[in-house]
$ cat coords08.txt   # compact mmCIF, C-alpha atoms
# COMPACT_ATOMS: atom_id res chain seq x y z
CA MET A 21 24.27 -17.08 -2.68
CA GLY A 22 27.54 -15.66 -1.25
CA LYS A 23 30.82 -15.60 -3.10
CA VAL A 24 33.60 -18.18 -2.77
CA ARG A 25 37.22 -17.40 -3.56
CA VAL A 26 39.94 -20.02 -3.61
CA ILE A 27 43.64 -19.44 -2.98
CA LYS A 28 46.50 -21.91 -2.53
CA ILE A 29 48.86 -21.58 0.42
CA GLU A 30 51.06 -24.63 0.42
CA GLU A 31 54.10 -23.82 2.46
CA SER A 32 54.73 -21.96 5.64
CA ALA A 33 57.67 -20.00 6.94
CA TYR A 34 56.80 -21.63 10.30
CA ALA A 35 59.38 -19.59 12.24
CA ASP A 36 58.24 -16.57 14.17
CA ASN A 37 54.71 -17.93 14.33
CA GLU A 38 53.92 -16.23 17.63
CA ARG A 39 55.19 -12.86 16.39
CA THR A 40 53.10 -13.13 13.23
CA ALA A 41 50.08 -14.23 15.26
CA ASP A 42 50.44 -11.17 17.49
CA LEU A 43 50.63 -8.92 14.43
CA ILE A 44 47.40 -10.44 13.12
CA ARG A 45 45.69 -9.91 16.50
CA ARG A 46 46.86 -6.28 16.57
CA LYS A 47 45.51 -5.73 13.04
CA MET A 48 42.17 -7.26 14.11
CA ASP A 49 42.13 -5.16 17.30
CA GLY A 50 42.81 -2.03 15.23
CA GLN A 51 39.88 -2.69 12.92
CA LYS A 52 37.64 -3.94 15.77
CA THR A 53 37.20 -7.41 14.26
CA LEU A 54 36.72 -10.39 16.57
CA PHE A 55 38.78 -13.25 15.08
CA LEU A 56 37.80 -16.81 16.08
CA ASN A 57 39.57 -20.10 15.31
CA LEU A 58 37.10 -23.00 15.02
CA MET A 59 38.62 -26.48 15.34
CA SER A 60 37.50 -30.11 15.62
CA GLY A 61 38.09 -33.60 14.26
CA PRO A 62 36.67 -34.55 10.85
CA GLY A 63 32.88 -34.59 10.68
CA SER A 64 32.18 -33.04 14.09
CA GLY A 65 29.97 -30.38 12.55
CA LYS A 66 32.16 -27.30 12.10
CA THR A 67 30.47 -26.22 8.88
CA THR A 68 26.91 -26.80 10.11
CA THR A 69 27.78 -24.96 13.33
CA LEU A 70 29.08 -22.02 11.31
CA VAL A 71 25.98 -21.90 9.13
CA THR A 72 23.60 -22.00 12.12
CA LEU A 73 25.60 -19.41 14.08
CA ILE A 74 26.09 -17.01 11.18
CA ASN A 75 22.41 -17.06 10.29
CA MET A 76 21.63 -16.06 13.89
CA LEU A 77 24.17 -13.22 13.94
CA LYS A 78 24.33 -11.86 10.41
CA SER A 79 21.69 -9.20 10.98
CA GLU A 80 23.73 -7.85 13.91
CA TYR A 81 27.29 -8.15 12.57
CA ARG A 82 29.26 -8.14 9.33
CA ILE A 83 30.75 -11.64 9.22
CA GLY A 84 33.43 -13.32 7.11
CA VAL A 85 34.72 -16.89 7.00
CA MET A 86 38.07 -18.36 5.98
CA ASP A 87 37.79 -22.08 5.33
CA VAL A 88 40.87 -24.31 5.37
CA ASP A 89 40.88 -27.60 3.50
CA ILE A 90 43.43 -29.80 1.80
CA GLU A 91 41.99 -29.44 -1.68
CA SER A 92 38.18 -29.33 -1.72
CA ASP A 93 35.97 -26.22 -1.77
CA GLU A 94 32.90 -27.93 -0.31
CA ASP A 95 32.84 -26.18 3.07
CA ALA A 96 33.34 -22.64 1.79
CA LYS A 97 30.65 -23.23 -0.84
CA GLU A 98 28.24 -24.60 1.76
CA VAL A 99 28.78 -21.64 4.09
CA ALA A 100 28.43 -19.16 1.21
CA ASP A 101 25.32 -20.86 -0.18
CA LYS A 102 23.54 -21.16 3.15
CA THR A 103 24.44 -17.84 4.77
CA ASP A 104 25.03 -15.45 1.87
CA ILE A 105 28.24 -14.12 3.42
CA ARG A 106 31.71 -13.72 1.89
CA THR A 107 33.94 -16.78 2.29
CA LEU A 108 37.54 -17.52 1.38
CA GLN A 109 38.65 -21.09 0.74
CA ILE A 110 42.27 -21.73 1.68
CA HIS A 111 43.96 -24.84 0.26
CA ASN A 112 46.84 -25.80 2.51
CA GLY A 113 48.40 -28.41 0.25
CA GLY A 114 47.92 -31.44 2.44
CA LEU A 115 49.18 -30.07 5.75
CA CYS A 116 47.35 -30.94 8.96
CA HIS A 117 47.21 -27.37 10.25
CA ILE A 118 47.23 -23.68 9.35
CA ASP A 119 49.67 -21.32 11.06
CA ALA A 120 49.84 -17.57 11.51
CA ASP A 121 52.02 -17.03 8.45
CA MET A 122 49.48 -18.80 6.25
CA VAL A 123 46.63 -16.76 7.82
CA SER A 124 48.65 -13.62 7.22
CA ARG A 125 49.05 -14.46 3.54
CA ALA A 126 45.34 -15.25 3.30
CA LEU A 127 44.53 -11.87 4.86
CA SER A 128 46.52 -10.14 2.13
CA GLU A 129 44.05 -11.65 -0.37
CA TYR A 130 40.87 -11.20 1.65
CA GLU A 131 39.41 -7.89 2.73
CA THR A 132 38.49 -7.96 6.44
CA GLU A 133 38.60 -4.29 7.48
CA ASP A 134 34.83 -3.97 7.28
CA LEU A 135 34.14 -7.14 9.30
CA ASP A 136 32.92 -7.30 12.91
CA LEU A 137 33.53 -11.04 13.08
CA LEU A 138 35.99 -13.25 11.17
CA ILE A 139 35.90 -17.02 11.69
CA LEU A 140 38.63 -19.42 10.60
CA GLU A 141 37.27 -22.91 9.97
CA ASN A 142 40.38 -24.97 10.60
CA ILE A 143 41.22 -28.33 9.05
CA GLY A 144 39.47 -31.34 10.66
CA ASN A 145 42.10 -32.61 13.06
CA LEU A 146 42.44 -32.82 16.85
CA VAL A 147 46.25 -32.89 16.91
CA CYS A 148 48.10 -30.36 14.74
CA PRO A 149 45.82 -27.28 14.81
CA ALA A 150 46.14 -27.15 18.62
CA GLU A 151 49.85 -26.41 18.27
CA PHE A 152 49.54 -23.27 16.17
CA ASP A 153 48.54 -19.79 17.22
CA THR A 154 46.70 -18.50 14.12
CA GLY A 155 46.34 -14.95 15.41
CA ALA A 156 42.76 -15.55 16.51
CA HIS A 157 41.51 -13.92 19.71
CA LYS A 158 39.73 -17.04 20.90
CA ARG A 159 39.76 -20.73 20.12
CA ILE A 160 36.54 -22.69 19.86
CA MET A 161 36.64 -26.46 19.50
CA ILE A 162 33.88 -28.96 18.82
CA LEU A 163 33.63 -32.43 20.28
CA SER A 164 30.65 -34.29 18.85
CA VAL A 165 28.68 -36.92 20.77
CA PRO A 166 29.37 -39.81 18.31
CA GLU A 167 33.13 -39.35 18.85
CA GLY A 168 32.86 -40.37 22.50
CA ASP A 169 33.45 -38.77 25.90
CA ASP A 170 37.03 -40.11 26.09
CA LYS A 171 38.44 -37.65 23.56
CA PRO A 172 39.84 -35.20 26.17
CA LEU A 173 42.05 -38.07 27.40
CA LYS A 174 43.28 -38.76 23.89
CA TYR A 175 43.84 -35.25 22.50
CA PRO A 176 44.62 -33.20 25.62
CA LEU A 177 46.40 -30.23 24.01
CA MET A 178 43.35 -29.35 21.90
CA PHE A 179 41.18 -29.24 25.02
CA LYS A 180 43.83 -27.44 27.08
CA THR A 181 44.16 -24.61 24.58
CA SER A 182 40.49 -23.98 23.76
CA ASP A 183 38.48 -21.14 25.29
CA LEU A 184 35.13 -22.66 24.43
CA VAL A 185 34.30 -26.35 23.90
CA LEU A 186 31.06 -27.07 22.07
CA ILE A 187 29.67 -30.54 22.63
CA ASN A 188 27.78 -30.93 19.36
CA LYS A 189 25.12 -33.37 18.10
CA ILE A 190 23.45 -33.59 21.53
CA ASP A 191 20.29 -34.55 19.61
CA THR A 192 21.97 -37.99 19.27
CA LEU A 193 22.72 -38.48 22.99
CA ASP A 194 20.13 -41.25 23.26
CA TYR A 195 21.87 -43.14 20.52
CA PHE A 196 25.46 -43.08 21.75
CA ASP A 197 27.15 -44.09 24.97
CA PHE A 198 28.29 -40.53 25.79
CA ASP A 199 28.30 -39.24 29.37
CA LEU A 200 27.96 -35.46 29.27
CA GLU A 201 29.01 -34.96 32.90
CA LYS A 202 32.03 -37.18 32.45
CA ALA A 203 33.05 -35.28 29.31
CA GLU A 204 32.72 -31.92 31.09
CA LYS A 205 34.74 -33.17 34.05
CA ARG A 206 37.50 -34.46 31.77
CA ILE A 207 37.61 -31.12 29.92
CA HIS A 208 37.74 -29.12 33.17
CA ASP A 209 40.42 -31.40 34.62
CA LEU A 210 42.60 -30.34 31.69
CA ASN A 211 41.40 -26.76 31.42
CA PRO A 212 39.43 -25.32 34.35
CA ASP A 213 38.82 -22.06 32.46
CA ALA A 214 37.23 -23.63 29.39
CA GLN A 215 33.57 -22.88 28.93
CA VAL A 216 31.60 -25.96 27.85
CA LEU A 217 28.37 -25.64 25.88
CA PRO A 218 26.26 -28.63 24.80
CA VAL A 219 24.67 -27.78 21.42
CA SER A 220 23.08 -29.25 18.34
CA ALA A 221 23.93 -27.47 15.11
CA LYS A 222 21.18 -29.52 13.46
CA THR A 223 18.33 -28.52 15.79
CA GLY A 224 19.80 -25.21 17.00
CA ALA A 225 19.72 -26.31 20.67
CA GLY A 226 22.15 -24.30 22.79
CA PHE A 227 22.90 -21.80 20.03
CA ASP A 228 21.31 -18.93 21.94
CA LEU A 229 24.12 -19.38 24.50
CA LEU A 230 26.74 -19.67 21.76
CA ALA A 231 25.50 -16.45 20.14
CA GLU A 232 25.61 -14.78 23.56
CA TRP A 233 29.21 -15.96 24.04
CA VAL A 234 30.16 -14.36 20.70
CA ARG A 235 28.38 -11.09 21.59
CA LYS A 236 30.21 -10.92 24.94
CA ASN A 237 33.57 -11.32 23.20
CA MET A 238 32.88 -8.60 20.63
CA PRO A 239 35.25 -5.63 20.87
CA LEU A 240 33.51 -2.53 22.20
CA ALA A 241 32.74 -0.09 19.42
CA CYS A 242 33.78 3.47 20.35
CA MET B 10 42.38 -59.51 31.26
CA GLY B 11 45.32 -59.12 28.82
CA LYS B 12 48.49 -57.27 29.57
CA VAL B 13 49.26 -53.67 28.63
CA ARG B 14 52.78 -52.35 28.23
CA VAL B 15 53.60 -48.70 27.68
CA ILE B 16 56.65 -47.31 25.91
CA LYS B 17 57.49 -43.76 24.82
CA ILE B 18 58.66 -43.05 21.28
CA GLU B 19 58.79 -39.34 20.85
CA GLU B 20 61.03 -38.58 17.92
CA SER B 21 61.54 -40.09 14.55
CA ALA B 22 64.53 -40.36 12.29
CA TYR B 23 62.00 -39.70 9.49
CA ALA B 24 64.53 -40.25 6.71
CA ASP B 25 64.65 -43.62 4.98
CA ASN B 26 61.08 -44.31 6.02
CA GLU B 27 60.35 -46.47 2.99
CA ARG B 28 63.49 -48.55 3.50
CA THR B 29 62.64 -49.14 7.15
CA ALA B 30 59.02 -49.98 6.22
CA ASP B 31 60.28 -52.57 3.72
CA LEU B 32 62.53 -54.12 6.37
CA ILE B 33 59.54 -54.40 8.72
CA ARG B 34 57.46 -56.05 5.98
CA ARG B 35 60.26 -58.52 5.25
CA LYS B 36 60.52 -59.37 8.95
CA MET B 37 56.75 -59.92 9.08
CA ASP B 38 56.88 -62.00 5.88
CA GLY B 39 59.67 -64.11 7.35
CA GLN B 40 57.70 -64.88 10.49
CA LYS B 41 54.39 -65.25 8.57
CA THR B 42 52.67 -62.42 10.43
CA LEU B 43 50.04 -60.35 8.63
CA PHE B 44 50.61 -56.72 9.69
CA LEU B 45 47.66 -54.31 9.33
CA ASN B 46 47.57 -50.53 9.82
CA LEU B 47 44.16 -49.34 11.09
CA MET B 48 43.45 -45.63 10.62
CA SER B 49 40.55 -43.18 11.03
CA GLY B 50 39.59 -39.79 12.44
CA PRO B 51 38.99 -39.44 16.19
CA GLY B 52 36.01 -41.38 17.49
CA SER B 53 35.24 -43.36 14.32
CA GLY B 54 35.34 -46.63 16.21
CA LYS B 55 38.85 -48.06 15.71
CA THR B 56 39.04 -49.58 19.20
CA THR B 57 35.52 -51.07 19.13
CA THR B 58 36.22 -52.45 15.65
CA LEU B 59 39.42 -54.07 16.93
CA VAL B 60 37.66 -55.60 19.92
CA THR B 61 34.81 -57.03 17.81
CA LEU B 62 37.18 -58.34 15.11
CA ILE B 63 39.71 -59.86 17.53
CA ASN B 64 37.01 -61.67 19.47
CA MET B 65 35.83 -63.25 16.19
CA LEU B 66 39.34 -64.33 15.16
CA LYS B 67 41.24 -65.08 18.34
CA SER B 68 40.36 -68.78 18.36
CA GLU B 69 41.82 -69.10 14.84
CA TYR B 70 44.89 -66.85 15.08
CA ARG B 71 47.44 -65.53 17.56
CA ILE B 72 46.83 -61.78 17.52
CA GLY B 73 48.72 -58.76 18.87
CA VAL B 74 47.88 -55.06 18.90
CA MET B 75 50.09 -51.96 18.99
CA ASP B 76 48.11 -48.91 20.00
CA VAL B 77 49.36 -45.41 19.23
CA ASP B 78 48.19 -42.45 21.31
CA ILE B 79 49.59 -39.11 22.36
CA GLU B 80 49.67 -39.86 26.05
CA SER B 81 46.70 -41.95 27.23
CA ASP B 82 46.61 -45.75 27.66
CA GLU B 83 42.83 -46.05 27.34
CA ASP B 84 42.70 -47.85 23.99
CA ALA B 85 45.34 -50.48 24.75
CA LYS B 86 43.67 -51.16 28.10
CA GLU B 87 40.25 -51.50 26.48
CA VAL B 88 41.54 -53.91 23.85
CA ALA B 89 43.44 -55.94 26.48
CA ASP B 90 40.46 -56.01 28.88
CA LYS B 91 37.90 -56.98 26.28
CA THR B 92 39.88 -59.45 24.17
CA ASP B 93 42.48 -60.92 26.55
CA ILE B 94 45.27 -60.48 24.00
CA ARG B 95 48.69 -58.87 24.39
CA THR B 96 48.74 -55.14 23.60
CA LEU B 97 51.49 -52.54 23.44
CA GLN B 98 50.68 -48.88 24.03
CA ILE B 99 52.95 -46.52 22.11
CA HIS B 100 53.08 -42.89 23.22
CA ASN B 101 54.20 -40.77 20.29
CA GLY B 102 54.74 -37.54 22.21
CA GLY B 103 52.10 -35.41 20.52
CA LEU B 104 52.83 -36.22 16.88
CA CYS B 105 49.96 -36.70 14.46
CA HIS B 106 51.34 -39.93 12.96
CA ILE B 107 53.57 -42.95 13.49
CA ASP B 108 56.24 -43.82 10.93
CA ALA B 109 58.23 -46.95 10.13
CA ASP B 110 61.16 -45.98 12.33
CA MET B 111 58.85 -45.62 15.34
CA VAL B 112 57.20 -48.98 14.53
CA SER B 113 60.64 -50.52 14.21
CA ARG B 114 61.62 -49.28 17.67
CA ALA B 115 58.31 -50.53 19.08
CA LEU B 116 58.98 -53.96 17.55
CA SER B 117 62.28 -54.13 19.40
CA GLU B 118 60.28 -53.92 22.63
CA TYR B 119 57.39 -56.16 21.64
CA GLU B 120 57.65 -59.83 20.75
CA THR B 121 55.76 -60.57 17.51
CA GLU B 122 57.48 -63.73 16.19
CA ASP B 123 54.68 -65.95 17.48
CA LEU B 124 51.87 -63.82 16.04
CA ASP B 125 49.74 -64.63 12.99
CA LEU B 126 48.21 -61.17 12.97
CA LEU B 127 49.57 -57.85 14.23
CA ILE B 128 47.36 -54.75 14.10
CA LEU B 129 48.60 -51.18 14.52
CA GLU B 130 45.85 -48.89 15.82
CA ASN B 131 47.07 -45.57 14.47
CA ILE B 132 46.43 -42.13 15.99
CA GLY B 133 42.98 -40.68 15.25
CA ASN B 134 43.68 -38.43 12.28
CA LEU B 135 42.70 -38.39 8.60
CA VAL B 136 45.69 -36.33 7.42
CA CYS B 137 49.14 -37.32 8.71
CA PRO B 138 48.92 -41.13 9.04
CA ALA B 139 48.09 -41.41 5.32
CA GLU B 140 51.55 -40.05 4.48
CA PHE B 141 53.60 -42.69 6.29
CA ASP B 142 54.31 -46.26 5.30
CA THR B 143 54.45 -48.04 8.67
CA GLY B 144 55.64 -51.34 7.26
CA ALA B 145 52.14 -52.81 7.34
CA HIS B 146 51.06 -55.13 4.52
CA LYS B 147 47.64 -53.53 4.20
CA ARG B 148 45.95 -50.31 5.25
CA ILE B 149 42.42 -50.33 6.63
CA MET B 150 40.63 -47.07 7.27
CA ILE B 151 37.33 -46.34 8.97
CA LEU B 152 34.87 -43.66 7.95
CA SER B 153 31.94 -43.52 10.36
CA VAL B 154 28.42 -42.51 9.37
CA PRO B 155 28.19 -39.49 11.75
CA GLU B 156 31.26 -37.94 10.06
CA GLY B 157 29.42 -37.54 6.77
CA ASP B 158 29.71 -38.88 3.22
CA ASP B 159 31.80 -35.89 2.09
CA LYS B 160 34.98 -37.01 3.85
CA PRO B 161 36.60 -38.58 0.73
CA LEU B 162 36.47 -35.10 -0.85
CA LYS B 163 38.15 -33.55 2.18
CA TYR B 164 40.86 -36.10 3.03
CA PRO B 165 41.62 -37.70 -0.35
CA LEU B 166 45.08 -39.14 0.39
CA MET B 167 43.75 -41.30 3.23
CA PHE B 168 41.13 -42.81 0.91
CA LYS B 169 43.58 -43.13 -2.01
CA THR B 170 46.09 -45.13 0.04
CA SER B 171 43.72 -47.51 1.87
CA ASP B 172 43.18 -51.09 0.76
CA LEU B 173 39.96 -51.49 2.72
CA VAL B 174 37.52 -48.77 3.78
CA LEU B 175 35.11 -49.71 6.56
CA ILE B 176 32.01 -47.55 6.75
CA ASN B 177 31.27 -47.93 10.45
CA LYS B 178 28.26 -47.14 12.65
CA ILE B 179 25.79 -48.14 9.92
CA ASP B 180 23.34 -48.80 12.78
CA THR B 181 22.97 -44.99 12.89
CA LEU B 182 22.19 -44.53 9.16
CA ASP B 183 18.59 -43.56 9.92
CA TYR B 184 19.79 -40.80 12.17
CA PHE B 185 22.32 -39.07 9.94
CA ASP B 186 22.18 -37.62 6.46
CA PHE B 187 24.71 -40.09 5.02
CA ASP B 188 24.33 -41.51 1.50
CA LEU B 189 26.09 -44.87 1.38
CA GLU B 190 26.10 -45.07 -2.42
CA LYS B 191 27.47 -41.56 -2.72
CA ALA B 192 30.22 -42.34 -0.20
CA GLU B 193 31.19 -45.52 -2.07
CA LYS B 194 31.25 -43.67 -5.39
CA ARG B 195 33.45 -40.93 -3.95
CA ILE B 196 35.83 -43.53 -2.52
CA HIS B 197 36.02 -45.44 -5.81
CA ASP B 198 36.52 -42.24 -7.81
CA LEU B 199 39.70 -41.73 -5.76
CA ASN B 200 40.70 -45.36 -5.44
CA PRO B 201 39.01 -47.88 -7.77
CA ASP B 202 40.81 -50.79 -6.07
CA ALA B 203 39.63 -50.00 -2.54
CA GLN B 204 37.24 -52.53 -1.07
CA VAL B 205 34.39 -50.86 0.80
CA LEU B 206 32.56 -52.66 3.62
CA PRO B 207 29.63 -51.15 5.55
CA VAL B 208 29.83 -52.41 9.15
CA SER B 209 28.72 -51.73 12.68
CA ALA B 210 31.29 -52.51 15.34
CA LYS B 211 28.52 -52.07 17.91
CA THR B 212 26.08 -54.63 16.45
CA GLY B 213 28.62 -56.77 14.58
CA ALA B 214 26.90 -56.18 11.22
CA GLY B 215 29.25 -56.78 8.30
CA PHE B 216 31.99 -58.27 10.48
CA ASP B 217 31.67 -61.71 8.87
CA LEU B 218 32.90 -60.07 5.65
CA LEU B 219 35.66 -58.21 7.49
CA ALA B 220 36.85 -61.44 9.13
CA GLU B 221 36.79 -63.10 5.70
CA TRP B 222 38.90 -60.25 4.27
CA VAL B 223 41.48 -60.80 7.02
CA ARG B 224 41.54 -64.59 6.43
CA LYS B 225 42.07 -64.07 2.69
CA ASN B 226 45.05 -61.82 3.37
CA MET B 227 46.72 -64.24 5.78
CA PRO B 228 50.08 -65.56 4.58
CA LEU B 229 49.92 -69.21 3.59
CA ALA B 230 51.41 -71.41 6.27
CA CYS B 231 53.82 -74.01 4.83

$ encode --input "coords08.txt" --output "structure tokens"
Amino acid sequence: MGKVRVIKIEESAYADNERTADLIRRKMDGQKTLFLNLMSGPGSGKTTTLVTLINMLKSEYRIGVMDVDIESDEDAKEVADKTDIRTLQIHNGGLCHIDADMVSRALSEYETEDLDLLILENIGNLVCPAEFDTGAHKRIMILSVPEGDDKPLKYPLMFKTSDLVLINKIDTLDYFDFDLEKAEKRIHDLNPDAQVLPVSAKTGAGFDLLAEWVRKNMPLAC
Amino acid sequence: MGKVRVIKIEESAYADNERTADLIRRKMDGQKTLFLNLMSGPGSGKTTTLVTLINMLKSEYRIGVMDVDIESDEDAKEVADKTDIRTLQIHNGGLCHIDADMVSRALSEYETEDLDLLILENIGNLVCPAEFDTGAHKRIMILSVPEGDDKPLKYPLMFKTSDLVLINKIDTLDYFDFDLEKAEKRIHDLNPDAQVLPVSAKTGAGFDLLAEWVRKNMPLAC
């Protein structure tokens, strides 16, 4: 079982978010750590996705996770228990997002220099997290099949600002009225550059392509 | 097909929210309109729930809906198309909530004096909407089965402040690892007074009890 640490970060300086985010990216570039920001609505499968992905990649890379929640430690514990990697739980005091200043403070408490891959599991929300650059290199978002294929119309900024959109829980496609083609079209209408990957964190379907996406984005070791 | 109107309300005075909310409640009391605030995460089934409920009650009551979204009109159109009632679409300009001041401005554009029941379909979010009194008499929230039974641990304020928690999509219980008893216990640990109703907006299961809950909360006509 991996270790879980908990810290409280309840207020943010907010100003100069972009500058702080750039500083975080430069730090990550310097130490050759790929930093990913994973976002979705509540219950779309962020934690299960992390567990499945990390277990595929942990023999290749040294991986760390920072988990943001309002007050519970459930997600960080689940990731630590099921992957045996080091996780940090960040309590954000009821806010609907995490910004670069809060990430920066978390990084002062959490050793990342030895990591190849650091993943921020953002708070479950399709509105606020889209507005904040956290200092991550890439943004991944999850839309799950039970949520419906209309979500790009409803939460456009999240889809516009994501590099990779995972359509999760495709094992339940028979059960829900979700049109995969329509969803992809709506995502690409907002963001032609977004890569869209249908996956199931439960069955592992599509995760070979997700792992490949991560490998391709890894900084070149020299 | 009912009518859809669209107005933009992009900024909020924020201050004096409680006072404004009380004024809204007094206005609703004066005109004998029950005002409900319907909240959930994205894709939990708010719109389908509204359609199913309104079609059960529209022969008994005069019903209106105010639909809050960032920029789309999909939900208000769906409600209007499928129920033939009057809906107002409110665009909140990218915010993660609606507050009493914004409701108050919407009410100046939307005739409610003749309504027995007014329902606010809030933005899909389990964090921000819980923090704002909108002037509604009662708060209903939806947790859907695919989101998982751990959500009360993750978004406690939403569960603490709701009068009625609908557990929706129970037609998919066989497909997801969701423990209904555990969910109810977690909700009641946070909020012993919350009523919990398992429903399916798709099949109509449990909606007789939901309709009964609405009838019981109706102001007495005199």

$ interface_residues --input "coords08.txt" --of "chain A" --to "chain B" --cutoff "7 Å" --atoms "all atoms listed in the file" --output "list in words"
Gly61, Pro62, Gly63, Ser64, Asp89, Ile90, Glu91, Ser92, Cys116, Asn145, Val147, Cys148, Pro166, Glu167, Gly168, Leu173, Lys174 and Tyr175 of chain A

$ residues_near_point --input "coords08.txt" --point "(59.9, -57.9, 8.8)" --cutoff "12 Å" --atoms "only C-alpha atoms" --output "number ranges by chain"
B: 28-44, 109, 112-113, 116-117, 121-122, 127, 143-146

$ residues_around --input "coords08.txt" --residues "Val205 (chain B)" --least-positions-apart "3" --cutoff "8 Å" --atoms "all atoms listed in the file" --output "ChimeraX atom specification"
/B:173-176,193

$ residues_near_point --input "coords08.txt" --point "(47.4, -30.4, 30.5)" --cutoff "9 Å" --atoms "all atoms listed in the file" --output "VMD selection string"
chain A and resid 176 to 177 179 to 181 209 to 211

$ residues_around --input "coords08.txt" --residues "Glu221 (chain B)" --least-positions-apart "6" --cutoff "12 Å" --atoms "only C-alpha atoms" --output "list in words"
Leu62, Met65, Leu66, Leu206, Gly215 and Met227 of chain B

$ atom_distance --input "coords08.txt" --atom1 "CA of Ala100 (chain A)" --atom2 "CA of Lys66 (chain A)"
14.1 Å

$ atom_distance --input "coords08.txt" --atom1 "CA of Arg71 (chain B)" --atom2 "CA of Asp125 (chain B)"
5.2 Å

$ atom_distance --input "coords08.txt" --atom1 "CA of Arg95 (chain B)" --atom2 "CA of Val74 (chain B)"
6.7 Å

$ axis_aligned_box --input "coords08.txt" --around "region 199-218 of chain B" --padding-each-side "8 Å" --output "JSON"
{"center_x": 33.4, "center_y": -51.7, "center_z": 5.1, "size_x": 30.7, "size_y": 36.0, "size_z": 41.7}

$ closest_residue --input "coords08.txt" --among "A:Ala203, A:Ile105, A:Met178, A:Ile110" --to "Ser79 (chain A)" --atoms "all atoms listed in the file"
A:Ile105

$ decode --input "coords08.txt" --residues "region 160-171 of chain A" --atoms "N, CA and C atoms" --output "JSON list (two decimals), in the first residue's frame"
[["chain", "number", "residue", "atom", "x", "y", "z"],
["A", 160, "ILE", "N", -6.11, 16.84, -19.46],
["A", 160, "ILE", "CA", -6.94, 15.71, -19.88],
["A", 160, "ILE", "C", -8.30, 15.86, -19.21],
["A", 161, "MET", "N", -9.37, 15.71, -19.94],
["A", 161, "MET", "CA", -10.68, 15.71, -19.29],
["A", 161, "MET", "C", -11.42, 14.42, -19.62],
["A", 162, "ILE", "N", -12.32, 14.05, -18.73],
["A", 162, "ILE", "CA", -13.13, 12.85, -18.93],
["A", 162, "ILE", "C", -14.59, 13.26, -19.05],
["A", 163, "LEU", "N", -15.22, 12.74, -20.09],
["A", 163, "LEU", "CA", -16.68, 12.81, -20.21],
["A", 163, "LEU", "C", -17.14, 11.36, -20.16],
["A", 164, "SER", "N", -18.04, 11.02, -19.25],
["A", 164, "SER", "CA", -18.46, 9.62, -19.18],
["A", 164, "SER", "C", -19.80, 9.44, -19.87],
["A", 165, "VAL", "N", -19.99, 8.26, -20.44],
["A", 165, "VAL", "CA", -21.19, 7.95, -21.23],
["A", 165, "VAL", "C", -22.49, 8.28, -20.49],
["A", 166, "PRO", "N", -22.64, 7.91, -19.19],
["A", 166, "PRO", "CA", -23.93, 8.20, -18.54],
["A", 166, "PRO", "C", -24.25, 9.69, -18.44],
["A", 167, "GLU", "N", -23.25, 10.56, -18.57],
["A", 167, "GLU", "CA", -23.51, 12.00, -18.48],
["A", 167, "GLU", "C", -24.21, 12.56, -19.73],
["A", 168, "GLY", "N", -24.05, 11.88, -20.85],
["A", 168, "GLY", "CA", -24.74, 12.33, -22.06],
["A", 168, "GLY", "C", -23.83, 13.03, -23.05],
["A", 169, "ASP", "N", -24.19, 12.91, -24.35],
["A", 169, "ASP", "CA", -23.34, 13.47, -25.41],
["A", 169, "ASP", "C", -23.55, 14.97, -25.61],
["A", 170, "ASP", "N", -24.44, 15.58, -24.78],
["A", 170, "ASP", "CA", -24.70, 17.02, -24.93],
["A", 170, "ASP", "C", -23.76, 17.87, -24.08],
["A", 171, "LYS", "N", -22.91, 17.27, -23.31],
["A", 171, "LYS", "CA", -22.09, 18.03, -22.35],
["A", 171, "LYS", "C", -21.16, 19.07, -23.01]]
